[in-house]
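S.K.: This is the content of entry-v6.csv (CSV, C-alpha atoms and all ligand atoms):
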chain,number,residue,atom,x,y,z
A,1,MET,CA,104.4,97.3,74.0
A,2,ASN,CA,106.6,94.3,74.3
A,3,ILE,CA,104.8,91.2,75.7
A,4,VAL,CA,107.2,88.5,76.8
A,5,GLY,CA,107.0,85.3,79.0
A,6,THR,CA,107.2,87.3,82.2
A,7,THR,CA,104.6,90.0,81.4
A,8,ALA,CA,102.1,90.5,84.2
A,9,VAL,CA,98.5,90.5,83.1
A,10,PHE,CA,95.9,92.9,84.5
A,11,GLY,CA,92.4,93.4,83.2
A,12,VAL,CA,88.8,94.5,83.5
A,13,ILE,CA,85.6,92.3,83.4
A,14,GLY,CA,82.2,93.7,82.5
A,15,ASP,CA,79.1,93.3,80.3
A,16,PRO,CA,79.1,95.2,78.0
A,17,ILE,CA,82.8,96.0,77.9
A,18,GLU,CA,83.5,97.3,74.3
A,19,HIS,CA,83.4,101.0,75.3
A,20,THR,CA,85.6,100.8,78.4
A,21,MET,CA,88.4,103.4,78.6
A,22,SER,CA,90.3,101.4,81.2
A,23,PRO,CA,92.7,99.6,78.9
A,24,ILE,CA,94.0,102.8,77.2
A,25,MET,CA,94.2,104.5,80.6
A,26,HIS,CA,96.1,101.6,82.3
A,27,ASN,CA,98.4,100.8,79.4
A,28,THR,CA,99.4,104.4,79.2
A,29,ALA,CA,100.2,104.4,82.9
A,30,ILE,CA,102.1,101.0,82.6
A,31,ALA,CA,104.3,102.4,79.8
A,32,HIS,CA,104.9,105.6,81.8
A,33,MET,CA,105.9,103.5,84.9
A,34,GLY,CA,108.2,101.3,82.7
A,35,ILE,CA,106.9,98.0,84.0
A,36,ASP,CA,106.5,94.6,82.3
A,37,ALA,CA,102.7,94.4,82.3
A,38,VAL,CA,99.7,94.7,80.1
A,39,TYR,CA,96.0,95.5,80.8
A,40,VAL,CA,93.2,93.8,78.7
A,41,PRO,CA,89.4,94.0,78.6
A,42,PHE,CA,87.4,90.8,79.1
A,43,HIS,CA,83.7,90.5,78.1
A,44,VAL,CA,82.2,88.3,80.8
A,45,LEU,CA,78.5,87.5,80.8
A,46,PRO,CA,76.7,87.2,84.2
A,47,GLU,CA,76.4,83.4,83.9
A,48,GLU,CA,80.1,83.1,83.2
A,49,LEU,CA,81.2,85.2,86.2
A,50,GLU,CA,82.2,82.4,88.5
A,51,ARG,CA,84.2,80.6,85.8
A,52,ALA,CA,85.9,83.8,84.9
A,53,ILE,CA,87.0,84.5,88.5
A,54,ARG,CA,88.2,80.9,88.9
A,55,GLY,CA,90.1,81.3,85.6
A,56,MET,CA,91.9,84.3,87.1
A,57,THR,CA,93.9,82.1,89.6
A,58,ALA,CA,94.3,79.3,87.0
A,59,LEU,CA,95.9,81.7,84.5
A,60,GLY,CA,97.8,83.7,87.1
A,61,ILE,CA,96.1,87.0,86.2
A,62,ARG,CA,97.5,89.4,88.8
A,63,GLY,CA,94.7,91.9,89.1
A,64,MET,CA,91.3,92.6,87.7
A,65,ASN,CA,88.9,95.6,87.7
A,66,VAL,CA,85.3,94.7,87.9
A,67,THR,CA,82.6,96.9,86.3
A,68,VAL,CA,78.8,96.9,85.6
A,69,PRO,CA,77.0,94.6,86.3
A,70,HIS,CA,79.4,92.4,88.3
A,71,LYS,CA,80.5,94.6,91.2
A,72,THR,CA,78.2,93.0,93.9
A,73,ARG,CA,77.8,89.5,92.6
A,74,VAL,CA,81.5,88.9,92.3
A,75,ILE,CA,81.9,89.0,96.1
A,76,GLN,CA,80.7,85.4,96.6
A,77,PHE,CA,83.6,84.1,94.4
A,78,LEU,CA,86.4,85.9,96.3
A,79,ASP,CA,88.4,84.7,99.4
A,80,ARG,CA,88.6,88.0,101.3
A,81,LEU,CA,87.4,91.6,101.2
A,82,THR,CA,89.0,94.8,102.5
A,83,GLY,CA,87.0,96.7,105.1
A,84,GLU,CA,85.9,99.3,102.5
A,85,ALA,CA,84.7,96.7,100.0
A,86,GLU,CA,82.7,95.0,102.8
A,87,ALA,CA,81.1,98.2,104.0
A,88,VAL,CA,80.3,99.4,100.5
A,89,GLY,CA,79.1,95.9,99.5
A,90,ALA,CA,80.8,96.2,96.1
A,91,VAL,CA,84.2,95.3,94.6
A,92,ASN,CA,85.8,97.1,91.7
A,93,THR,CA,89.3,95.7,92.2
A,94,ILE,CA,90.5,92.1,92.7
A,95,ILE,CA,94.1,91.4,93.8
A,96,ASN,CA,95.5,87.9,93.1
A,97,ARG,CA,98.0,87.2,96.0
A,98,ASP,CA,99.5,83.8,95.1
A,99,GLY,CA,96.1,82.3,94.4
A,100,LEU,CA,94.2,84.1,97.2
A,101,LEU,CA,91.7,86.5,95.7
A,102,MET,CA,91.2,89.8,97.7
A,103,GLY,CA,88.3,92.1,96.8
A,104,ASP,CA,88.8,95.9,97.2
A,105,ASN,CA,86.9,99.0,96.4
A,106,THR,CA,89.0,101.9,95.0
A,107,ASP,CA,85.9,104.0,94.0
A,108,VAL,CA,85.9,105.2,97.6
A,109,TYR,CA,89.5,106.5,97.3
A,110,GLY,CA,88.9,107.7,93.7
A,111,PHE,CA,86.0,109.8,94.8
A,112,ILE,CA,87.6,111.4,97.8
A,113,THR,CA,90.8,112.1,95.9
A,114,CYS,CA,89.0,113.9,93.1
A,115,ILE,CA,87.0,116.0,95.5
A,116,THR,CA,89.9,117.0,97.6
A,117,LEU,CA,92.3,117.6,94.7
A,118,ASP,CA,90.0,119.2,92.1
A,119,GLY,CA,87.2,120.5,94.3
A,120,GLY,CA,88.9,123.9,95.0
A,121,LEU,CA,88.1,123.4,98.7
A,122,GLU,CA,89.9,124.6,101.9
A,123,ARG,CA,88.0,122.0,103.9
A,124,PHE,CA,85.9,119.0,103.0
A,125,PRO,CA,82.2,120.0,102.8
A,126,GLU,CA,79.9,119.5,105.8
A,127,ARG,CA,76.5,119.0,104.3
A,128,VAL,CA,76.3,116.5,101.5
A,129,CYS,CA,73.5,115.4,99.1
A,130,VAL,CA,73.9,112.2,97.0
A,131,LEU,CA,71.5,111.8,94.0
A,132,GLY,CA,70.8,108.1,93.3
A,133,ALA,CA,70.9,105.0,95.4
A,134,GLY,CA,72.6,102.3,93.2
A,135,GLY,CA,76.0,100.7,93.6
A,136,ALA,CA,78.0,103.9,92.9
A,137,ALA,CA,75.9,105.8,95.5
A,138,ARG,CA,76.9,103.3,98.2
A,139,ALA,CA,80.6,104.0,97.6
A,140,VAL,CA,80.0,107.8,97.6
A,141,VAL,CA,77.8,107.8,100.7
A,142,TYR,CA,80.3,105.6,102.6
A,143,ALA,CA,83.3,107.8,101.4
A,144,CYS,CA,81.6,111.0,102.6
A,145,ALA,CA,80.3,109.5,105.8
A,146,MET,CA,83.8,108.4,106.8
A,147,ARG,CA,85.0,112.0,106.6
A,148,GLU,CA,84.9,113.6,110.0
A,149,GLU,CA,84.1,117.0,108.5
A,150,VAL,CA,80.8,115.7,107.1
A,151,SER,CA,77.8,116.2,109.5
A,152,LYS,CA,74.8,115.4,107.4
A,153,ILE,CA,74.1,113.3,104.3
A,154,THR,CA,70.8,113.2,102.3
A,155,ILE,CA,70.2,110.6,99.7
A,156,ILE,CA,67.6,111.6,97.1
A,157,ASN,CA,66.4,108.8,94.8
A,158,ARG,CA,63.4,108.0,92.6
A,159,THR,CA,63.0,104.7,94.4
A,160,ILE,CA,62.9,105.7,98.1
A,161,SER,CA,63.3,102.1,99.4
A,162,LYS,CA,66.8,101.9,97.9
A,163,ALA,CA,67.8,105.1,99.6
A,164,GLU,CA,66.4,103.8,102.9
A,165,LYS,CA,68.4,100.6,102.5
A,166,ILE,CA,71.7,102.5,102.1
A,167,ALA,CA,70.9,104.7,105.1
A,168,ASP,CA,70.0,101.6,107.2
A,169,ASP,CA,73.1,99.8,106.2
A,170,LEU,CA,75.6,102.6,106.5
A,171,THR,CA,74.4,104.6,109.5
A,172,PRO,CA,75.5,102.0,112.0
A,173,ILE,CA,78.9,101.5,110.4
A,174,THR,CA,79.7,105.2,110.0
A,175,GLY,CA,77.7,106.7,112.9
A,176,LYS,CA,76.5,109.6,110.6
A,177,VAL,CA,73.0,110.9,110.1
A,178,ILE,CA,71.9,109.7,106.6
A,179,SER,CA,68.5,110.8,105.5
A,180,PRO,CA,66.6,109.2,102.5
A,181,MET,CA,64.2,111.3,100.5
A,182,PRO,CA,62.2,110.7,97.3
A,183,ALA,CA,63.2,112.4,94.1
A,184,GLU,CA,60.4,115.0,94.1
A,185,LYS,CA,60.4,118.7,93.6
A,186,GLU,CA,59.8,119.5,97.3
A,187,ALA,CA,62.8,117.4,98.4
A,188,PHE,CA,65.2,119.1,95.9
A,189,HIS,CA,64.0,122.5,97.1
A,190,LYS,CA,64.2,121.6,100.7
A,191,VAL,CA,67.7,120.1,100.6
A,192,LEU,CA,69.8,121.5,97.8
A,193,PRO,CA,70.1,125.2,98.7
A,194,SER,CA,71.6,124.3,102.0
A,195,THR,CA,73.9,121.6,100.7
A,196,ASP,CA,77.7,122.2,100.3
A,197,LEU,CA,78.4,119.2,98.1
A,198,ILE,CA,76.0,117.6,95.6
A,199,ILE,CA,77.0,114.3,93.8
A,200,ASN,CA,75.1,112.8,91.0
A,201,THR,CA,75.4,109.0,90.9
A,202,THR,CA,72.3,108.4,88.8
A,203,SER,CA,72.6,107.6,85.1
A,204,VAL,CA,70.5,110.6,84.2
A,205,GLY,CA,72.5,112.7,81.7
A,206,MET,CA,74.8,109.9,80.6
A,207,TYR,CA,75.3,109.4,76.9
A,208,PRO,CA,73.0,109.2,74.9
A,209,ASP,CA,70.6,110.8,77.4
A,210,VAL,CA,72.8,114.0,77.3
A,211,GLU,CA,70.0,116.6,77.4
A,212,ASN,CA,68.7,115.3,80.7
A,213,THR,CA,69.6,116.3,84.2
A,214,PRO,CA,68.7,114.9,87.6
A,215,VAL,CA,68.2,118.4,89.0
A,216,PRO,CA,65.4,120.1,87.0
A,217,ASP,CA,65.7,123.6,88.6
A,218,VAL,CA,68.9,125.4,87.9
A,219,SER,CA,68.2,128.0,90.6
A,220,LEU,CA,68.9,125.4,93.3
A,221,PHE,CA,72.7,125.8,92.6
A,222,HIS,CA,74.7,128.7,94.0
A,223,GLU,CA,78.2,130.0,94.4
A,224,GLY,CA,80.2,128.3,97.1
A,225,GLN,CA,78.7,124.9,96.3
A,226,LEU,CA,80.6,122.0,94.8
A,227,VAL,CA,78.7,119.8,92.3
A,228,CYS,CA,80.2,116.5,91.2
A,229,ASP,CA,78.9,114.2,88.5
A,230,ILE,CA,80.4,110.8,88.4
A,231,ILE,CA,79.2,110.3,84.8
A,232,ALA,CA,82.3,110.1,82.6
A,233,ASN,CA,80.6,110.3,79.2
A,234,PRO,CA,80.0,113.1,78.4
A,235,ALA,CA,82.9,114.6,80.4
A,236,GLU,CA,80.7,117.7,81.1
A,237,THR,CA,77.1,116.8,81.8
A,238,HIS,CA,74.0,119.0,81.6
A,239,LEU,CA,74.0,119.0,85.4
A,240,LEU,CA,77.6,120.4,85.5
A,241,ARG,CA,76.9,123.1,82.9
A,242,ASP,CA,73.8,124.2,85.0
A,243,ALA,CA,75.9,124.3,88.1
A,244,VAL,CA,78.7,126.4,86.5
A,245,SER,CA,76.1,128.8,85.2
A,246,GLN,CA,75.1,129.6,88.8
A,247,GLY,CA,78.7,130.1,89.9
A,248,ALA,CA,79.1,126.6,91.6
A,249,HIS,CA,82.4,124.8,91.4
A,250,THR,CA,82.3,121.4,89.6
A,251,VAL,CA,84.2,118.1,89.3
A,252,GLY,CA,83.5,115.7,86.4
A,253,GLY,CA,83.6,111.9,86.2
A,254,LEU,CA,86.9,111.5,84.4
A,255,ALA,CA,88.8,112.6,87.5
A,256,MET,CA,87.1,109.8,89.6
A,257,LEU,CA,87.8,107.3,86.8
A,258,ALA,CA,91.5,108.2,86.7
A,259,ASN,CA,91.9,108.2,90.5
A,260,GLN,CA,90.2,104.9,91.1
A,261,GLY,CA,92.2,103.4,88.3
A,262,ALA,CA,95.5,104.8,89.6
A,263,ARG,CA,94.7,103.3,93.0
A,264,SER,CA,94.1,99.9,91.6
A,265,LEU,CA,97.3,99.9,89.6
A,266,SER,CA,99.3,101.1,92.7
A,267,ILE,CA,97.8,98.3,94.8
A,268,TRP,CA,98.7,95.6,92.2
A,269,THR,CA,102.2,96.8,91.5
A,270,GLY,CA,103.3,98.3,94.8
A,271,MET,CA,104.4,101.4,92.9
A,272,ASP,CA,102.9,104.9,92.6
A,273,ALA,CA,100.7,105.0,89.5
A,274,PRO,CA,100.5,108.4,87.7
A,275,ALA,CA,96.9,109.6,88.1
A,276,ASP,CA,97.7,112.8,86.2
A,277,VAL,CA,98.9,110.9,83.2
A,278,MET,CA,95.8,108.7,83.3
A,279,LEU,CA,93.5,111.7,83.5
A,280,LYS,CA,95.3,113.3,80.6
A,281,VAL,CA,94.9,110.4,78.3
A,282,LEU,CA,91.2,110.1,79.2
A,283,ARG,CA,90.7,113.8,78.4
A,284,GLU,CA,92.5,113.4,75.1
A,285,GLN,CA,90.2,110.4,74.2
A,286,PHE,CA,87.1,112.4,75.0
A,287,PHE,CA,88.0,115.6,73.3
A,288,LYS,CA,89.9,114.3,70.3
A,289,GLY,CA,86.9,114.7,68.1
A,301,LIG,P1,75.3,102.2,89.5
A,301,LIG,O1,75.8,100.8,89.9
A,301,LIG,O2,76.1,102.8,88.4
A,301,LIG,O3,75.0,103.1,90.7
A,301,LIG,P2,72.5,101.4,89.3
A,301,LIG,O4,72.7,100.5,90.5
A,301,LIG,O5,71.8,100.8,88.2
A,301,LIG,O6,73.9,101.9,88.8
A,301,LIG,O7,71.9,102.8,89.8
A,301,LIG,C1,71.4,103.7,89.0
A,301,LIG,C2,70.8,104.9,89.7
A,301,LIG,O8,70.3,105.8,88.8
A,301,LIG,C3,69.6,104.5,90.6
A,301,LIG,O9,69.6,105.3,91.7
A,301,LIG,C4,68.4,104.8,89.7
A,301,LIG,O10,67.2,105.1,90.4
A,301,LIG,P3,66.2,103.9,90.9
A,301,LIG,O11,66.9,103.4,92.2
A,301,LIG,O12,64.9,104.6,91.2
A,301,LIG,O13,66.2,102.9,89.8
A,301,LIG,C5,68.9,106.1,89.0
A,301,LIG,N1,68.2,106.3,87.8
A,301,LIG,C6,68.4,105.7,86.6
A,301,LIG,N2,67.5,106.2,85.7
A,301,LIG,C7,66.8,107.2,86.3
A,301,LIG,C8,65.8,108.1,85.8
A,301,LIG,N3,65.4,108.1,84.6
A,301,LIG,N4,65.3,109.0,86.7
A,301,LIG,C9,65.8,109.0,88.0
A,301,LIG,N5,66.7,108.2,88.5
A,301,LIG,C10,67.2,107.3,87.6
Take the structure in this file and express it as C-alpha cells.
M.R.:
Amino acid sequence: MNIVGTTAVFGVIGDPIEHTMSPIMHNTAIAHMGIDAVYVPFHVLPEELERAIRGMTALGIRGMNVTVPHKTRVIQFLDRLTGEAEAVGAVNTIINRDGLLMGDNTDVYGFITCITLDGGLERFPERVCVLGAGGAARAVVYACAMREEVSKITIINRTISKAEKIADDLTPITGKVISPMPAEKEAFHKVLPSTDLIINTTSVGMYPDVENTPVPDVSLFHEGQLVCDIIANPAETHLLRDAVSQGAHTVGGLAMLANQGARSLSIWTGMDAPADVMLKVLREQFFKG
C-alpha cells in the first residue's frame, strides 16, 4: 500500500469496531482494482456520531460504511437519502459528493445478490419467512417485498410489536402482504414447512452463542427450501448445518457481507468492485485457523 497526498480515504464507523472484517475486504479489493485509495476503521461512540459525520466533510473522507449501532441514528446528520435507505430507515453507506452527504443502503443489494447468485435458484422464491425484526430484518423484508416473484412474507420475532411495526411501515410502500407472528412453536410449525426462503436476521447463533439456533425443530426444513443466515461469524451457523442435514440449500452471511461491500465500493469509485475477490479474502480470514 502506497499512501500519498492524493490517496482517497474510505472507512467504516461503528461501536465496537475492532473485529470488523471490512478493512481487509476493502483494501484487498482496492489493491485488485489498482486505485489510489485506502479504507480504515473508526471507533465512534454514539455521543460522538454527529461530530464524526461533520468531520467527514471537513477531512474530505470520500465514503463511509456505517455499522452497529449507528445505522438509524446517522440519518439525521445526512443531507439526502436514496429511496432504498429511506424505505429501510437505515444507512450503511455514506457518499461524500463535494461536501453533500448522501445516505444509501447497500444491504438490500447485497442480500438480493447473494440469494440470486448463490441460492441455486431458477426463480426467486415466492413465500418468504424472515426471522427477527431488527434493523437487518427491515432491509431483508424490503428487499424481498420489492421482488415481483414474492407473494407472501411472514416476520417471526420474539417481540411481536417490532414485527408489526415493520409490517405496518413496509406494506404501504411495497404493496405486499407482510404478516407478523410471535416466535412460538406454533408459528414456526405453521409457517416454515410451506416457506420457500427462510432468512435469519436475529443474533441467535452468532459467536460466541454458536450452539444456539433460532429454529429449534430441525424437521421444519426440507429439500427445495433455501435457508439464508446473515450471521457472518461463524461462517456456517447451527441453523445452516440443520438446514443442510434436511436437504435444504443454504447461503451464509459472508456472501452478503462481500456483496454489500462491493456495492459500496462501486458507488464510491464509479468502478466495478470485485465481489468474488472480497468474498475469497473473507473466507480465507475465517478458515485460516
Ligand atoms: P440488527 O440491527 O443486526 O438487526 P437488532 O436490531 O439488535 O440487530 O435486532 C436483533 C434481532 O435479534 C431482534 O429481532 C431480536 O429480537 P427482539 O426484537 O425480540 O429483541 C433478535 N434476538 C436477539 N436475541 C434473541 C434471542 N435470544 N432470542 C430470540 N430473538 C433474539
S.K.: Can you tell me which residues sit at most 6 Å away from ligand LIG 301 (chain A), counting all atoms listed in the file, written as a list in words?
M.R.: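 Result of the 6 Å neighbour search around ligand LIG 301 (chain A): Gly132, Ala133, Gly134, Gly135, Ala136, Ala137, Asn157, Arg158, Thr159, Lys162, Thr201, Thr202, Ser203 and Val204 of chain A.
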S.K.: Choose the residue, out of A:Val40, A:Ile17, A:Ile35, A:Leu121, that has the smallest atom-to-atom separation from Ser266 (chain A); count only C-alpha atoms.
M.R.: A:Ile35
S.K.: What's the separation between CA of Ile94 (chain A) and CA of Ile75 (chain A), in Å to one decimal place?
M.R.: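 So the two atoms, CA of Ile94 (chain A) and CA of Ile75 (chain A), lie 9.8 Å apart.
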S.K.: Around (73.2, 111.5, 99.1), as given in the file, which residues come within 10 Å? Count all atoms listed in the file and list them as an NGL selection string.
M.R.: :A and (127-133 or 137-138 or 140-142 or 144-145 or 152-157 or 163 or 166-167 or 178-181 or 197-201)
S.K.: Around (101.8, 109.2, 86.6) in the file's frame, which residues reach within 10 Å when counting all atoms listed in the file? Return as a PDB file with C-alpha atoms, keeping the file's coordinate frame?
M.R.:
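To be explicit, this is the file written out as out_20.pdb:
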ATOM      1  CA  THR A  28      99.400 104.400  79.200  1.00  0.00           C
ATOM      2  CA  ALA A  29     100.200 104.400  82.900  1.00  0.00           C
ATOM      3  CA  ILE A  30     102.100 101.000  82.600  1.00  0.00           C
ATOM      4  CA  ALA A  31     104.300 102.400  79.800  1.00  0.00           C
ATOM      5  CA  HIS A  32     104.900 105.600  81.800  1.00  0.00           C
ATOM      6  CA  MET A  33     105.900 103.500  84.900  1.00  0.00           C
ATOM      7  CA  ALA A 262      95.500 104.800  89.600  1.00  0.00           C
ATOM      8  CA  ASP A 272     102.900 104.900  92.600  1.00  0.00           C
ATOM      9  CA  ALA A 273     100.700 105.000  89.500  1.00  0.00           C
ATOM     10  CA  PRO A 274     100.500 108.400  87.700  1.00  0.00           C
ATOM     11  CA  ALA A 275      96.900 109.600  88.100  1.00  0.00           C
ATOM     12  CA  ASP A 276      97.700 112.800  86.200  1.00  0.00           C
ATOM     13  CA  VAL A 277      98.900 110.900  83.200  1.00  0.00           C
ATOM     14  CA  MET A 278      95.800 108.700  83.300  1.00  0.00           C
ATOM     15  CA  LEU A 279      93.500 111.700  83.500  1.00  0.00           C
ATOM     16  CA  LYS A 280      95.300 113.300  80.600  1.00  0.00           C
TER      17      LYS A 280
END
S.K.: Under the rule that all atoms listed in the file are counted, which of A:Gly34, A:Gly253, A:Pro216, A:Gly14 is the nearest residue to Glu48 (chain A)?
M.R.: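 Going through A:Gly34, A:Gly253, A:Pro216, A:Gly14 one by one, the smallest distance to Glu48 (chain A) is for A:Gly14.
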S.K.: Could you check the closest approach to Ala143 (chain A) for each of A:Asp229, A:Glu122, A:Asp217, A:Asp107 and tell me which residue wins, using all atoms listed in the file?
M.R.: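 So, comparing all the options, the nearest one is A:Asp107.
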S.K.: Between CA of Val74 (chain A) and CA of Cys228 (chain A), what is the distance in Å, rounded to a tenth?
M.R.: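 One can read the CA of Val74 (chain A) to CA of Cys228 (chain A) distance as 27.7 Å.
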S.K.: Between A:Glu211, A:Asp15, A:Asp169, A:Asp79, which is the closest to Arg54 (chain A) once you count all atoms listed in the file?
M.R.: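 Among the listed residues, A:Asp79 lies closest to Arg54 (chain A).
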S.K.: Nearest to Gly83 (chain A): which of A:Val12, A:Ile173, A:Arg62, A:Val150 is it, counting all atoms listed in the file?
M.R.: A:Ile173
S.K.: Which residues are near Ala37 (chain A)? Cut-off 6 Å, all atoms listed in the file, ignore same chain within fewer than 4 positions. Put them as a list in words.
M.R.: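 My reading of the contact set: Thr7, Ala8 and Val9 of chain A.
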S.K.: Find the residue from A:Thr6, A:Ser22, A:Ser194, A:Thr67 that sits nearest to Leu257 (chain A); use all atoms listed in the file when measuring.
M.R.: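 That would be A:Ser22, the residue with the smallest distance to Leu257 (chain A).
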S.K.: Output, as AutoDock Vina command-line options, the centre and edge lengths in Å (one decimal) of the axis-aligned box that contains all listed atoms of region 184-194 of chain A with 4 Å of margin on each side.
M.R.:
--center_x 65.7 --center_y 120.1 --center_z 97.8 --size_x 19.8 --size_y 18.2 --size_z 16.4
